[in-house]
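Trainee: What follows is a structure written as structure tokens; I'll ask about it next.
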Amino acid sequence: MDIGLVDLYTNGHHLPYAARTRQALDDLSDHDVQFITVSETPRSKELFDPNKIRFLEDPDSPPVEDRERSFDALAEDMIADFYSNDLHAEFDALHFLFADDILGPLFRHSPSTDGPRIVGELNGVFFERKLPLRQRCIHPAFLTLLKSPFGAVIDTAVPNHTDHEQLWRDLYIYRCLKNEIFDNVIVHSKEANAYVSNLDTAGRTPIKRIPYPAPVDFGANISKSEAREELGLPPDDSLLLFFGTLREEKGIHRLLRVLRNYSGPEFTMCIAGPPVNVTEQQVLSIQDESSVTIITELQYVDGPEVYFRAADGLILPYTREFGKECTSQTLEEASSSLLPVIVPNFGAVGRVTREWELGSTYTKGSDEALENAMRQFARSGVSHSQAQMKQYNRRHSYTQAVSALRTAYN
């Protein structure tokens, strides 16, 4: 069987996820698996054999993240070209690894009959709640109507849009399900499964929950002292880590606010990741205002396992905009590194943290509760079960994930 893993993005965690998924499929099957993306990057050269990667454009063209045109416009053209030039016909199955942002183009251009099997994976962005103010009150009512007999009326009445705001994402997953664009839809949490299943009012498309995978025993070849020496971190401090893109929905504003006003036992805070919804200066200014020792690495970090092995705890202060259906790659990989987490008690991240004893939870949306969690960390660390974490990681390995994926391709 010839399988194509498709992702238009090449930044951040996209390429490692594709490379690990492809390798695990190679290890467990005799399928010919190729990765399909837009253009070549230094990172893609490291991760992929030249014979295992295909490009939708000239390999030397810039990545979509570096172009002036909006992603929506680029995605529309690329998906249209992908199907019109018959590249898709070379494969028995196509797996869109991040279908979240391309549901509209897939609905408009993917044939619902003939051709390869189509698997669409909703990897998290679909469930974010970064709605424009004008839509926040409308969204719940819109969802209710889509799930009712009026859904067909809305489907007929609303014209095609190229925007991927939450309202239109919901409409386009509804349309994709109704028109059987996908042979399978992959989600990562129970909450996501319920959300999508409720929009599949006719029950036409199988929806499969496959937990987001992480490498087994991530970073086990490096000790805490070695990791701290490599990163230049204090050898003996209680070290709390914030890792990943500094985005609003990931709680960076709340974290900085709490750090500015923190009073309690001493600890060291390490913030590692590129600023997006804050400026570098906003982060650095907290260093002078806080009683907490704050160390920063404000750029994309390739090699998170070193940071996870260096830290004593990981804080993920997600906000409601993160989406209660979303899982967290950072949480998965930290747990594989046996690093306990501190998360708000909502949604999928709060649930798995409690159920698997991966760390501690605090009251969502509360600065005071987050500060108390930091104080507790500084006093005695984060309560967790290493035995449960190991079992959790083995259930959420790439081997387990691709074993389930193989049934979706057939």
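Every chain in the structure tokens has a letter given in the order shown (A, B, ...), and although residue numbers restart at 1 in each chain, ligands are simply numbered from 1 in the order shown.
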List the spatial neighbours of region 278-283 of chain A as a PyMOL selection string - criterion: any atom at most 12 Å away, only C-alpha atoms, same-chain residues fewer than 3 positions off excluded.

Mentor: chain A and resi 245-257+259-260+269-275+286-290+294-299

Trainee: Go ahead and write the selection's residues with N, CA and C atoms as a tab-separated table (two decimals), in the first residue's frame.

Mentor:
```tsv
chain	number	residue	atom	x	y	z
A	245	THR	N	5.57	27.71	22.35
A	245	THR	CA	5.29	29.04	21.81
A	245	THR	C	4.57	29.90	22.84
A	246	LEU	N	5.00	31.13	22.97
A	246	LEU	CA	4.43	32.05	23.97
A	246	LEU	C	3.18	32.69	23.38
A	247	ARG	N	2.08	31.93	23.47
A	247	ARG	CA	0.80	32.36	22.91
A	247	ARG	C	-0.21	32.66	24.02
A	248	GLU	N	-1.18	33.49	23.67
A	248	GLU	CA	-2.20	33.87	24.65
A	248	GLU	C	-2.94	32.66	25.18
A	249	GLU	N	-3.37	31.74	24.26
A	249	GLU	CA	-4.17	30.60	24.70
A	249	GLU	C	-3.35	29.62	25.53
A	250	LYS	N	-2.02	29.72	25.47
A	250	LYS	CA	-1.18	28.87	26.30
A	250	LYS	C	-0.85	29.50	27.64
A	251	GLY	N	-1.47	30.65	27.90
A	251	GLY	CA	-1.44	31.24	29.23
A	251	GLY	C	-0.24	32.11	29.54
A	252	ILE	N	0.47	32.59	28.52
A	252	ILE	CA	1.68	33.36	28.80
A	252	ILE	C	1.38	34.65	29.55
A	253	HIS	N	0.27	35.31	29.23
A	253	HIS	CA	-0.05	36.56	29.93
A	253	HIS	C	-0.33	36.32	31.41
A	254	ARG	N	-1.10	35.27	31.69
A	254	ARG	CA	-1.38	34.95	33.09
A	254	ARG	C	-0.09	34.57	33.82
A	255	LEU	N	0.75	33.79	33.18
A	255	LEU	CA	2.00	33.38	33.81
A	255	LEU	C	2.86	34.59	34.16
A	256	LEU	N	3.03	35.51	33.23
A	256	LEU	CA	3.86	36.68	33.48
A	256	LEU	C	3.25	37.55	34.58
A	257	ARG	N	1.93	37.67	34.57
A	257	ARG	CA	1.26	38.47	35.60
A	257	ARG	C	1.47	37.88	36.99
A	259	LEU	N	3.91	35.79	37.90
A	259	LEU	CA	5.33	35.90	38.24
A	259	LEU	C	5.68	37.30	38.74
A	260	ARG	N	5.08	38.31	38.13
A	260	ARG	CA	5.36	39.70	38.55
A	260	ARG	C	4.96	39.92	40.01
A	269	MET	N	12.43	29.98	37.52
A	269	MET	CA	11.52	29.79	36.39
A	269	MET	C	12.31	29.85	35.09
A	270	CYS	N	12.12	28.86	34.22
A	270	CYS	CA	12.74	28.88	32.89
A	270	CYS	C	11.62	28.97	31.85
A	271	ILE	N	11.67	29.99	31.00
A	271	ILE	CA	10.70	30.18	29.92
A	271	ILE	C	11.43	29.96	28.60
A	272	ALA	N	11.02	28.92	27.88
A	272	ALA	CA	11.72	28.55	26.64
A	272	ALA	C	10.72	28.43	25.50
A	273	GLY	N	10.88	29.29	24.50
A	273	GLY	CA	10.00	29.25	23.34
A	273	GLY	C	9.93	30.62	22.67
A	274	PRO	N	9.46	30.67	21.44
A	274	PRO	CA	9.41	31.93	20.71
A	274	PRO	C	8.21	32.79	21.11
A	275	PRO	N	8.41	34.10	21.31
A	275	PRO	CA	7.28	34.98	21.61
A	275	PRO	C	6.38	35.16	20.38
A	286	ILE	N	9.89	41.29	33.13
A	286	ILE	CA	9.44	40.60	34.34
A	286	ILE	C	10.63	40.16	35.19
A	287	GLN	N	11.76	39.92	34.56
A	287	GLN	CA	12.93	39.47	35.30
A	287	GLN	C	13.34	40.48	36.37
A	288	ASP	N	13.18	41.76	36.09
A	288	ASP	CA	13.55	42.79	37.05
A	288	ASP	C	12.47	43.04	38.08
A	289	GLU	N	11.22	42.67	37.76
A	289	GLU	CA	10.10	42.98	38.64
A	289	GLU	C	9.71	41.83	39.56
A	290	SER	N	10.14	40.63	39.24
A	290	SER	CA	9.68	39.47	40.00
A	290	SER	C	10.69	39.05	41.05
A	294	ILE	N	14.25	34.28	36.94
A	294	ILE	CA	13.66	33.90	35.65
A	294	ILE	C	14.76	33.80	34.61
A	295	ILE	N	14.84	32.65	33.95
A	295	ILE	CA	15.81	32.40	32.88
A	295	ILE	C	15.02	32.21	31.59
A	296	THR	N	15.47	32.82	30.51
A	296	THR	CA	14.71	32.75	29.26
A	296	THR	C	15.55	32.24	28.09
A	297	GLU	N	14.86	31.56	27.18
A	297	GLU	CA	15.42	31.18	25.89
A	297	GLU	C	14.31	31.44	24.87
A	298	LEU	N	14.26	32.69	24.37
A	298	LEU	CA	13.11	33.15	23.61
A	298	LEU	C	13.28	32.93	22.12
A	299	GLN	N	13.28	31.67	21.75
A	299	GLN	CA	13.33	31.26	20.35
A	299	GLN	C	12.83	29.83	20.26
```

Trainee: For Leu370 (chain A), work out the shell of residues within 8 Å, counting only C-alpha atoms and skipping chain neighbours fewer than 6 positions away, then give it as a ChimeraX atom specification.

Mentor: /A:258,317,362-363

Trainee: For the residues in the current selection, export N, CA and C atoms as a PDB file, in the first residue's frame.

Mentor:
```pdb
ATOM      1  N   VAL A 258       1.344  36.555  37.092  1.00  0.00           N
ATOM      2  CA  VAL A 258       1.528  35.896  38.387  1.00  0.00           C
ATOM      3  C   VAL A 258       2.993  35.964  38.825  1.00  0.00           C
ATOM      4  N   PRO A 317      -0.183  26.748  31.739  1.00  0.00           N
ATOM      5  CA  PRO A 317      -1.322  27.528  32.236  1.00  0.00           C
ATOM      6  C   PRO A 317      -2.347  27.865  31.148  1.00  0.00           C
ATOM      7  N   TYR A 362      -5.008  22.986  39.052  1.00  0.00           N
ATOM      8  CA  TYR A 362      -5.454  24.136  39.834  1.00  0.00           C
ATOM      9  C   TYR A 362      -6.712  24.708  39.178  1.00  0.00           C
ATOM     10  N   THR A 363      -7.421  25.544  39.893  1.00  0.00           N
ATOM     11  CA  THR A 363      -8.669  26.116  39.396  1.00  0.00           C
ATOM     12  C   THR A 363      -8.414  26.971  38.165  1.00  0.00           C
TER      13      THR A 363
END
```

Trainee: A:Tyr212, A:Tyr83, A:Phe91, A:Phe127: which is nearest Leu405 (chain A), counting only C-alpha atoms?

Mentor: A:Tyr212

Trainee: Name all residues at most 9 Å from Arg375 (chain A) (count only C-alpha atoms; drop same-chain ones fewer than 2 positions away) and give them as a ChimeraX atom specification.

Mentor: /A:262-267,370-373,377-380

Trainee: Pick the closest to Ala19 (chain A) from A:Gln34, A:Asp2, A:Leu47, A:Phe346: which is it, counting only C-alpha atoms?

Mentor: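 Answer, going by the shortest atom-to-atom distance: A:Leu47.
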
Trainee: Measuring atom to atom with only C-alpha atoms, identify which of A:Asn345, A:Asn160, A:Asn123, A:Ser225 is nearest to Ile186 (chain A).

Mentor: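 Among the listed residues, A:Asn123 lies closest to Ile186 (chain A).
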
Trainee: Could you tell me, as an NGL selection string, which residues of region 142-374 of chain A DSSP assigns to alpha helix (DSSP H) when given the backbone?

Mentor: :A and (142-146 or 151-157 or 166-178 or 190-199 or 224-231 or 252-261 or 280-289 or 304-310 or 329-336 or 347-355 or 367-374)

Trainee: Can you tell me, as a count of residues only, what residues are no more than 10 Å from region 308-312 of chain A when counting only C-alpha atoms, ignoring any on the same chain fewer than 4 positions away?

Mentor: 43

Trainee: Give me, as a VMD selection string, all polymer residues having an atom no more than 12 Å from region 59-75 of chain A, counting only C-alpha atoms and skipping those fewer than 6 positions away in the same chain.

Mentor: chain A and resid 7 to 12 36 to 45 50 53 81 to 82 98 to 106 108 to 109 161 to 165

Trainee: Just the number, please: distance in Å from CA of Tyr307 (chain A) to CA of Val216 (chain A), one decimal.

Mentor: 16.3 Å

Trainee: Given only C-alpha atoms as the basis, pick out the residue of A:Asp49, A:Asp26, A:Glu121, A:Asp170 nearest to His139 (chain A).

Mentor: A:Asp170

Trainee: Could you pull out the strand (DSSP E or B) residues of region 64-235 of chain A from DSSP and send them as a list in words?

Mentor: Ala93, Leu94, His95, Phe96, Arg117, Ile118, Val119, Gly120, Glu121, Asn184, Val185, Ile186, Val187, Ile207, Lys208 and Arg209 of chain A

Trainee: Okay, now the selection with N, CA and C atoms, as a CSV table (one decimal), in the first residue's frame?

Mentor:
```
chain,number,residue,atom,x,y,z
A,93,ALA,N,-3.8,5.6,0.1
A,93,ALA,CA,-4.4,6.4,1.2
A,93,ALA,C,-3.6,7.7,1.4
A,94,LEU,N,-4.4,8.7,1.7
A,94,LEU,CA,-3.8,10.0,2.0
A,94,LEU,C,-4.2,10.4,3.4
A,95,HIS,N,-3.2,10.7,4.3
A,95,HIS,CA,-3.5,11.1,5.6
A,95,HIS,C,-3.1,12.6,5.8
A,96,PHE,N,-4.1,13.4,5.9
A,96,PHE,CA,-3.8,14.9,6.2
A,96,PHE,C,-3.6,15.0,7.7
A,117,ARG,N,-8.2,6.4,-0.2
A,117,ARG,CA,-8.9,6.7,1.0
A,117,ARG,C,-8.3,7.9,1.6
A,118,ILE,N,-9.2,8.7,2.3
A,118,ILE,CA,-8.8,10.0,2.8
A,118,ILE,C,-9.0,10.0,4.3
A,119,VAL,N,-7.9,10.2,5.1
A,119,VAL,CA,-7.9,10.3,6.5
A,119,VAL,C,-7.6,11.7,6.9
A,120,GLY,N,-8.5,12.3,7.7
A,120,GLY,CA,-8.3,13.7,8.2
A,120,GLY,C,-8.1,13.7,9.6
A,121,GLU,N,-6.9,14.3,10.1
A,121,GLU,CA,-6.6,14.3,11.5
A,121,GLU,C,-6.8,15.7,12.0
A,184,ASN,N,-12.1,8.3,7.2
A,184,ASN,CA,-11.9,8.3,8.7
A,184,ASN,C,-11.5,9.7,9.1
A,185,VAL,N,-11.9,10.1,10.3
A,185,VAL,CA,-11.5,11.3,11.0
A,185,VAL,C,-10.8,10.8,12.3
A,186,ILE,N,-9.6,11.4,12.5
A,186,ILE,CA,-8.8,11.1,13.7
A,186,ILE,C,-8.8,12.2,14.6
A,187,VAL,N,-9.1,12.0,15.9
A,187,VAL,CA,-9.1,12.9,17.0
A,187,VAL,C,-8.2,12.4,18.1
A,207,ILE,N,-15.2,8.0,13.2
A,207,ILE,CA,-14.4,8.9,13.9
A,207,ILE,C,-13.6,8.1,14.9
A,208,LYS,N,-12.3,8.1,14.8
A,208,LYS,CA,-11.4,7.3,15.6
A,208,LYS,C,-10.6,8.1,16.5
A,209,ARG,N,-10.6,7.7,17.8
A,209,ARG,CA,-9.8,8.5,18.8
A,209,ARG,C,-8.4,7.7,18.9
```

Trainee: Between A:Phe150, A:Leu171, A:Cys176, A:Phe126, single out the one closest to Phe107 (chain A), counting only C-alpha atoms.

Mentor: A:Cys176

Trainee: In terms of the shortest atom-to-atom distance over only C-alpha atoms, which of A:Asp302, A:Val33, A:Lys178, A:Ser385 is closest to Arg354 (chain A)?

Mentor: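 Closest to Arg354 (chain A) of all the choices is A:Ser385.
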
Trainee: Tell me which protein, DNA and RNA residues are within 7 Å of Tyr392 (chain A), counting only C-alpha atoms, leaving out same-chain ones fewer than 4 positions away, and put them as a PDB file with C-alpha atoms, in the first residue's frame.

Mentor:
```pdb
ATOM      1  CA  TRP A 356      -3.062   9.220  35.259  1.00  0.00           C
ATOM      2  CA  GLN A 388       1.489   5.745  36.051  1.00  0.00           C
ATOM      3  CA  HIS A 396       0.495   6.774  23.942  1.00  0.00           C
TER       4      HIS A 396
END
```

Trainee: Between CA of Tyr17 (chain A) and CA of Val276 (chain A), what is the distance, to one decimal in Å?

Mentor: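 Interatomic distance here is 21.6 Å.
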